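*Asks:* Pasting in a structure now, in structure tokens, and then I'll have a few things to ask.
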There are 2 protein chains.
Amino acid sequence: MRDFVFHNPTKIVFGEGKVEQIGEEIKNLGLKKVLFLYGRGSIKRNGVYDAVTESLKRNGIDWVEVSGVKPNPVLSKVHEAIETARKESVEGVLAVGGGSVIDSAKTIAAGFYYDGDIWDAFTGKHKVERSLPIFVVLTISATGSEMNGGAVITNEKTSQKYSFWSFTSYPKVSVIDPTIQFSLPREQTVYGGVDAIVHVLEYYFDGSKERILMDRIMESIVKTIMESVEILVDDPRNYVARSNLAWAATLALNGLTSTGSFGGDWSSHVIEHSLSALYDIPHGAGLAIITPAWMQYVMEEDRDKFSRFAREIFKKDKAEEGIEAFKNWLKSVGAPVSLKDAGIPEDDIEKIAQNAAMRAPFGKLKKLYKKDILEILSLAR
Amino acid sequence: MRDFVFHNPTKIVFGEGKVEQIGEEIKNLGLKKVLFLYGRGSIKRNGVYDAVTESLKRNGIDWVEVSGVKPNPVLSKVHEAIETARKESVEGVLAVGGGSVIDSAKTIAAGFYYDGDIWDAFTGKHKVERSLPIFVVLTISATGSEMNGGAVITNEKTSQKYSFWSFTSYPKVSVIDPTIQFSLPREQTVYGGVDAIVHVLEYYFDGSKERILMDRIMESIVKTIMESVEILVDDPRNYVARSNLAWAATLALNGLTSTGSFGGDWSSHVIEHSLSALYDIPHGAGLAIITPAWMQYVMEEDRDKFSRFAREIFKKDKAEEGIEAFKNWLKSVGAPVSLKDAGIPEDDIEKIAQNAAMRAPFGKLKKLYKKDILEILSLAR
């Protein structure tokens, strides 16, 4: 096991009806006015908007709204919101949404204190050491952003989907009410689950050894997400499945699964980010396409671990069978598993690889260069 | 799954040689002088004392020492240390030791700000809402106190071993260096492991349902602790086992295993506290005696869960076989499994039950009164 630091100060308030606590949580930290950030209006249809605003009013919290954050959130929206946040002198950012809204909120909270273009945080030019306090009401379990310090944003001018991390970006409080997710479209539940599974797999397959406890915990998380997703595609209002999926997705990327690792491989994520930057497909769909191909390509680097995955998750003997079973499982819950499934032409492979290669070399289990990315994309045709 | 709040702000610094960081961690929080609390001198023999004091000096942290904290730590030592802390105007408490030292540190840190007798926090008369900042260098993995807000102290005048919990009692930073534990006596490793296993079992067997993810994670922790202890009784310097045991013991009681539960049963702990208050036996030894008897006594309240335990941990079919296998495992690593094994006379059962019954009724899976305690002690003869 590798040395590690674990430090996660986010307070999680979990359960049905907990949205009404958000105003009190904000008040308890002494804030009087927040930027209220959300997406494209689903929270107005499912009652969450009303629950949030009533809670804010009851606790004397003033707010200014910025809405319209879209999946694969873009830098221009962040710029707009930073301007509003400054003009309105907000003291914090309240993100009501999924990873896109939360990641935008983190970027806004950091950008509020930075004189340059906050995109600098994503390119490594600026180190984020100060942010407005962030609060979250989670509406979809997927990215784990509700309990970590990371954010992913797309610069639509350059087609770069990049990330930054800061200890100041951990939300102060995140409310996770699994019942909010009862009304999610089937594919969003599936893609959220896939995203969370792949977060675990990034740490599971990064070449680190001797993580006896964490291997078991990671397998526990993956199995629970798979089972929960299987239930929810038929029975979206199943509370047991929603709540276990929600907590599993949060734990998948809150620092726990990283302990003792090499920090994760992240190749599947980097290559996927090129897909969603170029084609605006859901991140979870992109991961379902890329991850099995990556697994196939790198399997020989750690056959033992891939065999263990096959055995523990799918009761299969061989590494190859485990990857195949994973791919079949993805298909069975309705995820695309090839570029073709997502309507991406084979001829674009060069363009996608070119985009991903801007980040090359990357990967821990196997260091990938453009030629490797091309091979993986070819396996994902 | 039940609703929950998870909020654990402790920073864990984990790995070989990390003790030398403690001074910097204290300095980073702006402290200039701490009370340095430790036990009966093992840290002077294994190099930890020197590593700590060098780190403090290097970072310009002044300190005053209080030593002699003993296992099953007592209130009188806490009183003595509070007086020293006040006289010397310390700004924090540095605990270098195991659960006894850490729990004493938490009590001192809370008592520093309380005008009355800090024992009031243990009887419920005083609610702890302010503490000096606490820092930890862990020397034995067992209680999980390095990453939670709880403390257990014995009032030797009244033979009461009671606990309190406060959010202000979470250590700011805990250093866990598994190599410090290479020199632990075999029985301390075993009793530490038993304590951590039983922490998990308190949450596993508290009657809560639908914790699909957490059941798996709790089983992962128990299996890892058992395997690690088995290795360490023969090979105490095995880093893989030491490090996995250490992290497992911390996670056993840092709030994670509690999520979605009824808050734990805690009957085994309450009854054991009477044993160690009256006979000053190691807590882990007392738990090895009481827990299997408690399991046997309450099994029918949740036969399904005890069957699952048998199957998942010991590959046995029936609930009874699982409990028997657990008892055999405890024996196999050298733990006592009866009062007789610990030299406690059968005739004392009434006296022990009397002491525990001061806390009755207690227990979540089955509410226990004095007659139940007598039955459990009788099964543990």
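Ordering of the structure tokens sets the chain letters (A, B, ...), residue numbers begin anew at 1 in every chain, and ligands are numbered from 1 in the order given.
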Find the residues in chain B near chain A: any atom within 8 Å counts, using only C-alpha atoms. Write them as a PDB file with N, CA and C atoms, in the first residue's frame.
*Replies:*
```pdb
ATOM      1  N   MET B   1     -32.271   1.775   4.022  1.00  0.00           N
ATOM      2  CA  MET B   1     -31.191   2.563   4.622  1.00  0.00           C
ATOM      3  C   MET B   1     -31.774   3.764   5.368  1.00  0.00           C
ATOM      4  N   ARG B   2     -31.231   4.010   6.552  1.00  0.00           N
ATOM      5  CA  ARG B   2     -31.704   5.155   7.331  1.00  0.00           C
ATOM      6  C   ARG B   2     -31.005   6.432   6.877  1.00  0.00           C
ATOM      7  N   ASP B   3     -31.658   7.546   7.139  1.00  0.00           N
ATOM      8  CA  ASP B   3     -31.018   8.841   6.868  1.00  0.00           C
ATOM      9  C   ASP B   3     -29.761   8.978   7.723  1.00  0.00           C
ATOM     10  N   PHE B   4     -28.831   9.775   7.261  1.00  0.00           N
ATOM     11  CA  PHE B   4     -27.630   9.991   8.069  1.00  0.00           C
ATOM     12  C   PHE B   4     -26.961  11.311   7.730  1.00  0.00           C
ATOM     13  N   VAL B   5     -26.096  11.731   8.651  1.00  0.00           N
ATOM     14  CA  VAL B   5     -25.174  12.831   8.390  1.00  0.00           C
ATOM     15  C   VAL B   5     -23.769  12.247   8.495  1.00  0.00           C
ATOM     16  N   PHE B   6     -22.952  12.488   7.500  1.00  0.00           N
ATOM     17  CA  PHE B   6     -21.548  12.074   7.569  1.00  0.00           C
ATOM     18  C   PHE B   6     -20.695  13.330   7.477  1.00  0.00           C
ATOM     19  N   HIS B   7     -19.870  13.531   8.473  1.00  0.00           N
ATOM     20  CA  HIS B   7     -19.025  14.723   8.482  1.00  0.00           C
ATOM     21  C   HIS B   7     -17.795  14.423   9.317  1.00  0.00           C
ATOM     22  N   ASN B   8     -16.689  14.151   8.653  1.00  0.00           N
ATOM     23  CA  ASN B   8     -15.476  13.781   9.364  1.00  0.00           C
ATOM     24  C   ASN B   8     -14.311  14.635   8.879  1.00  0.00           C
ATOM     25  N   PRO B   9     -13.973  15.670   9.622  1.00  0.00           N
ATOM     26  CA  PRO B   9     -12.966  16.629   9.144  1.00  0.00           C
ATOM     27  C   PRO B   9     -11.514  16.251   9.436  1.00  0.00           C
ATOM     28  N   THR B  10     -11.270  15.109  10.087  1.00  0.00           N
ATOM     29  CA  THR B  10      -9.889  14.748  10.446  1.00  0.00           C
ATOM     30  C   THR B  10      -9.026  14.488   9.209  1.00  0.00           C
ATOM     31  N   LYS B  11      -7.853  15.061   9.224  1.00  0.00           N
ATOM     32  CA  LYS B  11      -6.868  14.789   8.164  1.00  0.00           C
ATOM     33  C   LYS B  11      -5.998  13.614   8.586  1.00  0.00           C
ATOM     34  N   ILE B  12      -5.945  12.585   7.744  1.00  0.00           N
ATOM     35  CA  ILE B  12      -5.111  11.416   8.017  1.00  0.00           C
ATOM     36  C   ILE B  12      -3.839  11.493   7.175  1.00  0.00           C
ATOM     37  N   VAL B  13      -2.703  11.401   7.826  1.00  0.00           N
ATOM     38  CA  VAL B  13      -1.420  11.338   7.118  1.00  0.00           C
ATOM     39  C   VAL B  13      -0.865   9.947   7.378  1.00  0.00           C
ATOM     40  N   PHE B  14      -0.835   9.125   6.321  1.00  0.00           N
ATOM     41  CA  PHE B  14      -0.617   7.688   6.475  1.00  0.00           C
ATOM     42  C   PHE B  14       0.653   7.242   5.760  1.00  0.00           C
ATOM     43  N   GLY B  15       1.526   6.555   6.485  1.00  0.00           N
ATOM     44  CA  GLY B  15       2.683   5.960   5.819  1.00  0.00           C
ATOM     45  C   GLY B  15       3.923   5.950   6.694  1.00  0.00           C
ATOM     46  N   GLU B  16       4.904   5.205   6.228  1.00  0.00           N
ATOM     47  CA  GLU B  16       6.156   5.070   6.968  1.00  0.00           C
ATOM     48  C   GLU B  16       6.884   6.406   7.054  1.00  0.00           C
ATOM     49  N   GLU B 210     -31.308  -2.981   4.539  1.00  0.00           N
ATOM     50  CA  GLU B 210     -31.211  -2.330   3.221  1.00  0.00           C
ATOM     51  C   GLU B 210     -29.910  -1.552   3.050  1.00  0.00           C
ATOM     52  N   ARG B 211     -28.915  -1.917   3.835  1.00  0.00           N
ATOM     53  CA  ARG B 211     -27.607  -1.272   3.711  1.00  0.00           C
ATOM     54  C   ARG B 211     -26.746  -2.151   2.810  1.00  0.00           C
ATOM     55  N   ILE B 212     -27.156  -2.249   1.554  1.00  0.00           N
ATOM     56  CA  ILE B 212     -26.526  -3.186   0.616  1.00  0.00           C
ATOM     57  C   ILE B 212     -25.022  -2.892   0.524  1.00  0.00           C
ATOM     58  N   LEU B 213     -24.695  -1.633   0.275  1.00  0.00           N
ATOM     59  CA  LEU B 213     -23.293  -1.253   0.139  1.00  0.00           C
ATOM     60  C   LEU B 213     -22.549  -1.418   1.454  1.00  0.00           C
ATOM     61  N   ARG B 216     -21.557  -4.903   2.620  1.00  0.00           N
ATOM     62  CA  ARG B 216     -20.373  -5.397   1.899  1.00  0.00           C
ATOM     63  C   ARG B 216     -19.092  -4.739   2.414  1.00  0.00           C
ATOM     64  N   ILE B 217     -19.159  -3.448   2.646  1.00  0.00           N
ATOM     65  CA  ILE B 217     -17.955  -2.755   3.111  1.00  0.00           C
ATOM     66  C   ILE B 217     -17.586  -3.237   4.511  1.00  0.00           C
ATOM     67  N   SER B 220     -15.919  -6.454   4.218  1.00  0.00           N
ATOM     68  CA  SER B 220     -14.558  -6.231   3.697  1.00  0.00           C
ATOM     69  C   SER B 220     -13.610  -5.862   4.830  1.00  0.00           C
ATOM     70  N   ILE B 221     -14.073  -5.008   5.721  1.00  0.00           N
ATOM     71  CA  ILE B 221     -13.230  -4.569   6.840  1.00  0.00           C
ATOM     72  C   ILE B 221     -12.954  -5.737   7.787  1.00  0.00           C
ATOM     73  N   THR B 224     -10.565  -8.298   6.251  1.00  0.00           N
ATOM     74  CA  THR B 224      -9.200  -7.773   6.157  1.00  0.00           C
ATOM     75  C   THR B 224      -8.520  -7.745   7.521  1.00  0.00           C
ATOM     76  N   VAL B 240       2.425  -5.055   4.714  1.00  0.00           N
ATOM     77  CA  VAL B 240       1.122  -5.148   4.040  1.00  0.00           C
ATOM     78  C   VAL B 240       0.028  -5.391   5.072  1.00  0.00           C
ATOM     79  N   SER B 243      -0.341  -2.270   7.493  1.00  0.00           N
ATOM     80  CA  SER B 243      -0.966  -1.083   6.893  1.00  0.00           C
ATOM     81  C   SER B 243      -2.446  -1.332   6.601  1.00  0.00           C
ATOM     82  N   ASN B 244      -2.769  -2.520   6.113  1.00  0.00           N
ATOM     83  CA  ASN B 244      -4.184  -2.806   5.857  1.00  0.00           C
ATOM     84  C   ASN B 244      -4.976  -2.899   7.156  1.00  0.00           C
ATOM     85  N   ALA B 248      -7.992  -0.294   8.081  1.00  0.00           N
ATOM     86  CA  ALA B 248      -9.271  -0.956   8.360  1.00  0.00           C
ATOM     87  C   ALA B 248      -9.792  -0.582   9.744  1.00  0.00           C
TER      88      ALA B 248
END
```
*Asks:* Show which residues sit within 12 Å of stretch 298-315 of chain A, as a count of residues only. Count only C-alpha atoms, and ignore same-chain residues fewer than 3 positions away.
*Replies:* 56
*Asks:* Can you tell me which residues surround B:Arg86 at a distance of at most 8 Å, considering only C-alpha atoms, apart from same-chain residues fewer than 4 positions away, and format the answer as a short mmCIF file (atom, residue, chain, number, x, y, z; two decimals) with C-alpha atoms, in the first residue's frame?
*Replies:*
```
data_model
loop_
_atom_site.label_atom_id
_atom_site.label_comp_id
_atom_site.auth_asym_id
_atom_site.auth_seq_id
_atom_site.Cartn_x
_atom_site.Cartn_y
_atom_site.Cartn_z
CA ILE B 82 -6.13 19.70 32.62
CA VAL B 90 -1.14 25.35 25.98
CA PHE B 112 -9.72 22.84 29.45
#
```
*Asks:* Which residue out of B:Leu330, B:Val337, B:Val78, B:Ile290 has the minimum interatomic distance to B:Leu377 when only C-alpha atoms are used?
*Replies:*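 Of B:Leu330, B:Val337, B:Val78, B:Ile290, the one nearest B:Leu377 is B:Ile290, counting only C-alpha atoms.
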*Asks:* What parts of stretch 37-224 of chain B does DSSP call strand (DSSP E or B)? I'd like the answer as a PyMOL selection string.
*Replies:* chain B and resi 37-38+62-66+74+92-97+134-138+150-155+160-165+173-176
*Asks:* Could you pull out the helix (DSSP H, G or I) residues of stretch 73-303 of chain B, going by DSSP on the backbone, and write them as a count of residues only?
*Replies:* 133
*Asks:* Extract, using only C-alpha atoms, all DNA, RNA and protein residues at most 8 Å from stretch 145-156 of chain B, discarding same-chain residues fewer than 5 positions from it, and format them as a PyMOL selection string.
*Replies:* chain B and resi 8+10+12+72-76+99-100+102-104+106-107+119+136+138+161-171+174+250+253-255+277
*Asks:* How many Å lie between atom CA of B:Asp195 and atom CA of B:Asp117, rounded to one decimal?
*Replies:*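 Rounded to one decimal, the two atoms are 28.8 Å apart.
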*Asks:* Mind pulling up the distance from atom CA of A:Phe362 to atom CA of A:Ala285?
*Replies:*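 Computed distance, atom CA of A:Ala285 to atom CA of A:Phe362, equals 21.3 Å.
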*Asks:* Between atom CA of A:Ser258 and atom CA of B:Ala246, what is the distance, to one decimal in Å?
*Replies:*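 Here the two named atoms are 16.0 Å from each other.
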*Asks:* Using only C-alpha atoms, which protein or nucleic acid residues come within 12 Å of stretch 19-27 of chain B? Drop anything in the same chain fewer than 2 positions from it, and give the result as a PyMOL selection string.
*Replies:* (chain A and resi 5) or (chain B and resi 11-17+29-36+43+47-63+91-96+133-139+171-180)
*Asks:* Please list as a list in words every residue within 12 Å of B:Gly334, counting only C-alpha atoms and excluding residues in the same chain fewer than 5 positions away.
*Replies:* Arg186, Glu187, Gln188, Thr189, Val190, Tyr191, Gly193, Val194, Val229, Glu230, Val233, Asp234, Gly284, Ala285, Ala288, Ile289, Lys327, Asn328, Trp329, Asp341 and Ala342 of chain B
